[in-house]
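Comments concern the structure below.
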Amino acid sequence: MAGCPNRQVGIANDIGNHTALITLTFLGTGTSTGIPVIGCDCAVCHSPDPRDNRLRASVHLDVDGTSILIDTSPDLRQQMLRANVRHLDAVIYTHMHADHTAGLDELRRYNIMQQQWIPVWAEASTGAELEERFAYAFARQFPFFGGKPDLELNVFAEPFTVNGVEVTPLPVHHGSLPIVGYRIGNFAYITDQKVLPEETFALLEGVDTLVLTALREQDHPAHMTLAEALATIERIAPRQAYLSHLGHETGRHAEVEPTLPDGVNIAVDGAVVKIA
């Protein structure tokens with residue numbers, strides 16, 4: 001059912017010792033500029049099709065009631081209002097670039113609502129940059145929650161758990177920058193990839209639902225092209241794949257999606273996928 005923003009699919013996810021229900025919400029599916037792009041007169045940026053409007057990339061996962069946010073895009077406030085996310089158990093970062101972190105201050109509202117510190121997970125280099133750029137968010141400055149973001153940094157070097165949900169980091173090369181994607185059960189989310197190491201292909205064995213960047217048709221030094229993403233999906237062979245982190249050069253949704261292989265769809269801002 002190509003192009004349906006609210007398509008729901010069912011797959012098995014073994015989390016711990018039981019089958020978990022994952023609800024995936026695409027908060028944003030655009031690249032660092034978003035779409036429409038400032039000052040651009042192309043057909044995509046002026047498209048009347050709402051599927052061509054893309055906020056910066058981030059997703060929300062509800063895994064058996066555990067609320068996990070991957071990345072804090074600059075558009076996070078708008079995204080969380082639209083998705084009506086009212087609780088966060090953890091925030092997980094893929095890397096430090098601004099289009100994936102600049103919305104960090106919006107987490108302050110969750111400190112106010114939850115009256116507690118919010119755990120943040122990142123690999124070592126991303127964690128160090130988060131502490132440097134957002135030092136105030138990790139400091140214990142006030143005797144109350146919400147005067148600023150109140151975050152607890154957790155640095156991982158191997159799989160970790162959030163409320164009993166196992167999260168497996170996936171090594172990815174974003175050009176020359178090493179970053180991470182994540183696998184939870186039979187679902188995997190990878191963004192900004194140019195190359196997947198062989199160890200990551202091994203970690204993706206048997207994955208059912210995959211999200212992958214497909215920036216544009218023209219070559220790019222730090223992101224996969226549409227053709228490279230499709231070749232990667234063919235090798236991994238998930239039952240369902242979604243293309244995200246799209247630039248306006250990719251083309252209009254209505255024109256590109258009909259050309260995609262079966263089981264591959266373009267992700268749409270606000271789309272909800274049930275993975276059960």
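Identifiers in this document derive from the order of the structure tokens: chains are assigned A, B, ..., residues are numbered from 1 separately in each chain, and ligands are numbered from 1 in order of occurrence.
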Could you give me, as a tab-separated table, every range 37-109 of chain A residue with an atom at most 9 Å from range 138-156 of chain A, plus its closest atom pair and distance in Å to one decimal, counting only C-alpha atoms, rows ordered by chain then number?
residue	atom	partner	partner_atom	distance
A:Leu104	CA	A:Pro149	CA	7.7
A:Asp105	CA	A:Pro149	CA	5.9
A:Glu106	CA	A:Pro149	CA	7.5
A:Leu107	CA	A:Pro149	CA	5.7
A:Arg108	CA	A:Pro149	CA	4.0
A:Arg109	CA	A:Gly146	CA	6.5
Could the residues of range 14-73 of chain A that have an atom at most 10 Å from range 239-246 of chain A be listed as JSON lines, each with its closest atom pair and the distance in Å to one decimal, counting only C-alpha atoms and ordered by chain and ascending residue number?
{"residue": "A:Phe26", "atom": "CA", "partner": "A:Ser244", "partner_atom": "CA", "distance": 8.9}
{"residue": "A:Gly28", "atom": "CA", "partner": "A:His245", "partner_atom": "CA", "distance": 8.0}
{"residue": "A:Thr29", "atom": "CA", "partner": "A:His245", "partner_atom": "CA", "distance": 4.9}
{"residue": "A:Gly30", "atom": "CA", "partner": "A:His245", "partner_atom": "CA", "distance": 4.4}
{"residue": "A:Thr31", "atom": "CA", "partner": "A:His245", "partner_atom": "CA", "distance": 4.6}
{"residue": "A:Ser32", "atom": "CA", "partner": "A:His245", "partner_atom": "CA", "distance": 8.1}
{"residue": "A:Thr33", "atom": "CA", "partner": "A:Leu246", "partner_atom": "CA", "distance": 9.8}
{"residue": "A:Gly34", "atom": "CA", "partner": "A:Leu246", "partner_atom": "CA", "distance": 8.5}
{"residue": "A:Ile35", "atom": "CA", "partner": "A:Leu246", "partner_atom": "CA", "distance": 8.8}
{"residue": "A:Asp52", "atom": "CA", "partner": "A:Leu246", "partner_atom": "CA", "distance": 9.7}
{"residue": "A:Arg54", "atom": "CA", "partner": "A:Leu246", "partner_atom": "CA", "distance": 8.1}
{"residue": "A:Leu55", "atom": "CA", "partner": "A:His245", "partner_atom": "CA", "distance": 9.2}
{"residue": "A:Arg56", "atom": "CA", "partner": "A:His245", "partner_atom": "CA", "distance": 7.5}
{"residue": "A:Ala57", "atom": "CA", "partner": "A:His245", "partner_atom": "CA", "distance": 5.9}
{"residue": "A:Ser58", "atom": "CA", "partner": "A:His245", "partner_atom": "CA", "distance": 9.0}
Save the residues we just selected, N, CA and C atoms, as an mmCIF file, in the first residue's frame?
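The resulting file, again-v1.cif, is shown below:
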data_model
loop_
_atom_site.group_PDB
_atom_site.id
_atom_site.type_symbol
_atom_site.label_atom_id
_atom_site.label_comp_id
_atom_site.auth_asym_id
_atom_site.auth_seq_id
_atom_site.Cartn_x
_atom_site.Cartn_y
_atom_site.Cartn_z
ATOM 1 N N PHE A 26 7.333 8.150 12.875
ATOM 2 C CA PHE A 26 8.300 8.962 12.151
ATOM 3 C C PHE A 26 8.045 10.428 12.497
ATOM 4 N N GLY A 28 10.256 12.962 12.006
ATOM 5 C CA GLY A 28 10.766 13.750 10.896
ATOM 6 C C GLY A 28 11.538 12.846 9.964
ATOM 7 N N THR A 29 11.445 13.091 8.656
ATOM 8 C CA THR A 29 12.065 12.205 7.670
ATOM 9 C C THR A 29 12.934 12.970 6.673
ATOM 10 N N GLY A 30 13.272 14.219 6.990
ATOM 11 C CA GLY A 30 14.056 15.033 6.081
ATOM 12 C C GLY A 30 15.521 15.077 6.453
ATOM 13 N N THR A 31 16.317 15.617 5.555
ATOM 14 C CA THR A 31 17.733 15.805 5.809
ATOM 15 C C THR A 31 17.954 17.098 6.611
ATOM 16 N N SER A 32 19.205 17.544 6.712
ATOM 17 C CA SER A 32 19.537 18.634 7.625
ATOM 18 C C SER A 32 18.852 19.955 7.288
ATOM 19 N N THR A 33 18.473 20.161 6.024
ATOM 20 C CA THR A 33 17.789 21.396 5.632
ATOM 21 C C THR A 33 16.292 21.338 5.854
ATOM 22 N N GLY A 34 15.754 20.121 5.990
ATOM 23 C CA GLY A 34 14.307 19.971 5.971
ATOM 24 C C GLY A 34 13.770 20.277 4.583
ATOM 25 N N ILE A 35 12.488 20.020 4.388
ATOM 26 C CA ILE A 35 11.796 20.352 3.134
ATOM 27 C C ILE A 35 10.444 20.968 3.495
ATOM 28 N N ASP A 52 5.509 15.571 0.950
ATOM 29 C CA ASP A 52 6.782 16.170 0.559
ATOM 30 C C ASP A 52 7.300 17.191 1.557
ATOM 31 N N ARG A 54 9.000 17.778 4.973
ATOM 32 C CA ARG A 54 9.787 16.907 5.843
ATOM 33 C C ARG A 54 10.535 17.720 6.895
ATOM 34 N N LEU A 55 10.264 17.428 8.168
ATOM 35 C CA LEU A 55 11.044 17.985 9.256
ATOM 36 C C LEU A 55 12.340 17.184 9.404
ATOM 37 N N ARG A 56 13.258 17.668 10.223
ATOM 38 C CA ARG A 56 14.532 16.983 10.394
ATOM 39 C C ARG A 56 14.349 15.640 11.099
ATOM 40 N N ALA A 57 15.283 14.706 10.832
ATOM 41 C CA ALA A 57 15.072 13.290 11.144
ATOM 42 C C ALA A 57 15.106 12.973 12.635
ATOM 43 N N SER A 58 14.070 12.266 13.078
ATOM 44 C CA SER A 58 13.974 11.732 14.425
ATOM 45 C C SER A 58 12.823 10.740 14.440
#
Exercise for review: Assign secondary structure with DSSP using the backbone only, and return the residues of range 93-220 of chain A in helix (DSSP H, G or I) as a PyMOL selection string.
Suggested key: chain A and resi 98-101+104-114+124-133+135-138+198-203
**Study point:** Selection: 9 Å around range 247-261 of chain A, only C-alpha atoms, excl. self and same-chain fewer than 5 positions, as a count of residues only
**Key:** 28
Residue neighbourhood range 189-203 of chain A, 8 Å, only C-alpha atoms, exclusion window fewer than 6 positions, as a PDB file with N, CA and C atoms, in the first residue's frame:
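New file result-v1.pdb:
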ATOM      1  N   THR A  94      22.205   9.073  17.754  1.00  0.00           N
ATOM      2  CA  THR A  94      22.977   8.418  16.705  1.00  0.00           C
ATOM      3  C   THR A  94      24.322   9.096  16.509  1.00  0.00           C
ATOM      4  N   LEU A 170      24.523  -0.284  16.295  1.00  0.00           N
ATOM      5  CA  LEU A 170      24.962  -0.746  14.984  1.00  0.00           C
ATOM      6  C   LEU A 170      26.017   0.208  14.448  1.00  0.00           C
ATOM      7  N   PRO A 171      27.268  -0.201  14.346  1.00  0.00           N
ATOM      8  CA  PRO A 171      28.304   0.695  13.807  1.00  0.00           C
ATOM      9  C   PRO A 171      28.001   1.104  12.366  1.00  0.00           C
ATOM     10  N   VAL A 172      28.161   2.397  12.091  1.00  0.00           N
ATOM     11  CA  VAL A 172      27.852   2.966  10.776  1.00  0.00           C
ATOM     12  C   VAL A 172      28.931   4.006  10.457  1.00  0.00           C
ATOM     13  N   HIS A 173      29.271   4.142   9.168  1.00  0.00           N
ATOM     14  CA  HIS A 173      30.185   5.194   8.745  1.00  0.00           C
ATOM     15  C   HIS A 173      29.395   6.273   8.011  1.00  0.00           C
ATOM     16  N   HIS A 174      29.418   7.485   8.590  1.00  0.00           N
ATOM     17  CA  HIS A 174      28.775   8.666   8.004  1.00  0.00           C
ATOM     18  C   HIS A 174      29.891   9.459   7.332  1.00  0.00           C
ATOM     19  N   GLY A 175      30.244   9.058   6.096  1.00  0.00           N
ATOM     20  CA  GLY A 175      31.477   9.540   5.506  1.00  0.00           C
ATOM     21  C   GLY A 175      32.637   8.983   6.322  1.00  0.00           C
ATOM     22  N   VAL A 180      26.305   5.618  15.004  1.00  0.00           N
ATOM     23  CA  VAL A 180      25.603   4.372  15.323  1.00  0.00           C
ATOM     24  C   VAL A 180      24.142   4.422  14.875  1.00  0.00           C
ATOM     25  N   GLY A 181      23.658   3.273  14.452  1.00  0.00           N
ATOM     26  CA  GLY A 181      22.235   3.024  14.324  1.00  0.00           C
ATOM     27  C   GLY A 181      21.840   2.098  15.468  1.00  0.00           C
ATOM     28  N   TYR A 182      20.587   1.645  15.470  1.00  0.00           N
ATOM     29  CA  TYR A 182      20.120   0.810  16.577  1.00  0.00           C
ATOM     30  C   TYR A 182      19.186  -0.294  16.091  1.00  0.00           C
ATOM     31  N   ARG A 183      19.299  -1.437  16.763  1.00  0.00           N
ATOM     32  CA  ARG A 183      18.356  -2.539  16.548  1.00  0.00           C
ATOM     33  C   ARG A 183      17.670  -2.858  17.863  1.00  0.00           C
ATOM     34  N   LEU A 210      13.224  -2.283   8.579  1.00  0.00           N
ATOM     35  CA  LEU A 210      14.450  -1.498   8.534  1.00  0.00           C
ATOM     36  C   LEU A 210      14.161  -0.090   8.047  1.00  0.00           C
ATOM     37  N   VAL A 211      14.743   0.906   8.722  1.00  0.00           N
ATOM     38  CA  VAL A 211      14.705   2.299   8.270  1.00  0.00           C
ATOM     39  C   VAL A 211      16.123   2.688   7.879  1.00  0.00           C
ATOM     40  N   LEU A 212      16.259   3.287   6.686  1.00  0.00           N
ATOM     41  CA  LEU A 212      17.575   3.577   6.142  1.00  0.00           C
ATOM     42  C   LEU A 212      17.542   4.917   5.411  1.00  0.00           C
ATOM     43  N   THR A 213      18.643   5.670   5.485  1.00  0.00           N
ATOM     44  CA  THR A 213      18.758   6.935   4.749  1.00  0.00           C
ATOM     45  C   THR A 213      18.880   6.685   3.246  1.00  0.00           C
ATOM     46  N   PRO A 221      29.303  12.283  -0.485  1.00  0.00           N
ATOM     47  CA  PRO A 221      30.420  11.659   0.237  1.00  0.00           C
ATOM     48  C   PRO A 221      30.061  11.093   1.602  1.00  0.00           C
ATOM     49  N   ALA A 222      28.926  11.487   2.175  1.00  0.00           N
ATOM     50  CA  ALA A 222      28.622  11.082   3.550  1.00  0.00           C
ATOM     51  C   ALA A 222      27.289  10.362   3.709  1.00  0.00           C
ATOM     52  N   HIS A 223      26.480  10.279   2.655  1.00  0.00           N
ATOM     53  CA  HIS A 223      25.181   9.620   2.736  1.00  0.00           C
ATOM     54  C   HIS A 223      24.997   8.681   1.541  1.00  0.00           C
ATOM     55  N   MET A 224      24.237   7.616   1.766  1.00  0.00           N
ATOM     56  CA  MET A 224      23.893   6.741   0.653  1.00  0.00           C
ATOM     57  C   MET A 224      22.941   7.430  -0.308  1.00  0.00           C
ATOM     58  N   ILE A 236      20.313  -6.948   2.842  1.00  0.00           N
ATOM     59  CA  ILE A 236      19.808  -7.260   4.183  1.00  0.00           C
ATOM     60  C   ILE A 236      18.518  -8.075   4.108  1.00  0.00           C
ATOM     61  N   SER A 244      14.301   7.139   4.630  1.00  0.00           N
ATOM     62  CA  SER A 244      14.145   8.368   5.400  1.00  0.00           C
ATOM     63  C   SER A 244      15.360   9.254   5.183  1.00  0.00           C
ATOM     64  N   HIS A 245      15.393  10.400   5.908  1.00  0.00           N
ATOM     65  CA  HIS A 245      16.474  11.379   5.787  1.00  0.00           C
ATOM     66  C   HIS A 245      16.651  11.776   4.320  1.00  0.00           C
TER      67      HIS A 245
END
Point to revise | Nearest to Val120 in chain A by atom-to-atom distance, counting only C-alpha atoms, from A:Glu228, A:Asp262, A:Asn53, A:Leu88 | key: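 Using only C-alpha atoms, the shortest distance to Val120 in chain A belongs to A:Leu88.
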Compile the contact shell of Arg82 in chain A as a PDB file with C-alpha atoms, in the first residue's frame: residues with an atom at most 9 Å away, counting only C-alpha atoms, same-chain residues fewer than 5 positions apart removed.
ATOM      1  CA  LEU A  27       8.710  12.380  13.773  1.00  0.00           C
ATOM      2  CA  ARG A  77       8.779  20.671  19.819  1.00  0.00           C
ATOM      3  CA  GLY A 270       3.836  11.637  11.227  1.00  0.00           C
TER       4      GLY A 270
END
Exercise for review: Quick one: pick out all strand (DSSP E) residues within range 52-232 of chain A from a backbone DSSP run and write them as a ChimeraX atom specification.
Suggested key: /A:58-63,66-70,90-92,118-122,151-155,160-162,165-174,177-184,187-189,209-213
Review point. Between A:His100, A:His60, A:Arg235, A:Lys274, which is the closest to Arg86 in chain A once you count only C-alpha atoms?
Key: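 Among A:His100, A:His60, A:Arg235, A:Lys274, it is A:His60 that comes nearest to Arg86 in chain A.
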**Study point:** Minimum-distance residue to His97 in chain A, chosen among A:Pro119, A:Gly206, A:Pro238, A:Pro74 (using only C-alpha atoms)
**Key:**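 Smallest separation from His97 in chain A among the options: A:Pro74.
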Check your understanding: How far is it from CA of Thr72 in chain A to CA of Val264 in chain A, in Å with one decimal?
Key ->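 Atom-to-atom, CA of Thr72 in chain A to CA of Val264 in chain A, that is 25.6 Å.
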Check your understanding: How many Å separate CA of Val63 in chain A from CA of Phe160 in chain A?
Key ->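 Distance between the two atoms: 14.7 Å.
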Exercise for review: Pick out the residues sitting within 9 Å of Ile22 in chain A, and hand them over as a PyMOL selection string; count only C-alpha atoms, and ignore anything fewer than 2 positions along from it in its own chain.
Suggested key: chain A and resi 13+20+24+61-65+187+273-276
Residues from the last selection, C-alpha atoms, saved as a compact mmCIF listing (two decimals), in the first residue's frame:
# COMPACT_ATOMS: atom_id res chain seq x y z
CA ASN A 13 9.74 -8.84 18.16
CA ALA A 20 6.87 -7.02 22.35
CA LEU A 24 7.18 3.44 15.53
CA LEU A 61 9.43 4.20 19.72
CA ASP A 62 6.95 2.82 22.19
CA VAL A 63 8.15 -0.67 23.13
CA ASP A 64 5.57 -2.34 25.37
CA GLY A 65 4.97 1.02 27.05
CA PHE A 187 13.41 -3.54 14.02
CA VAL A 273 3.83 1.79 12.09
CA LYS A 274 2.70 -0.94 14.46
CA ILE A 275 5.30 -3.69 14.82
CA ALA A 276 3.82 -6.62 16.76
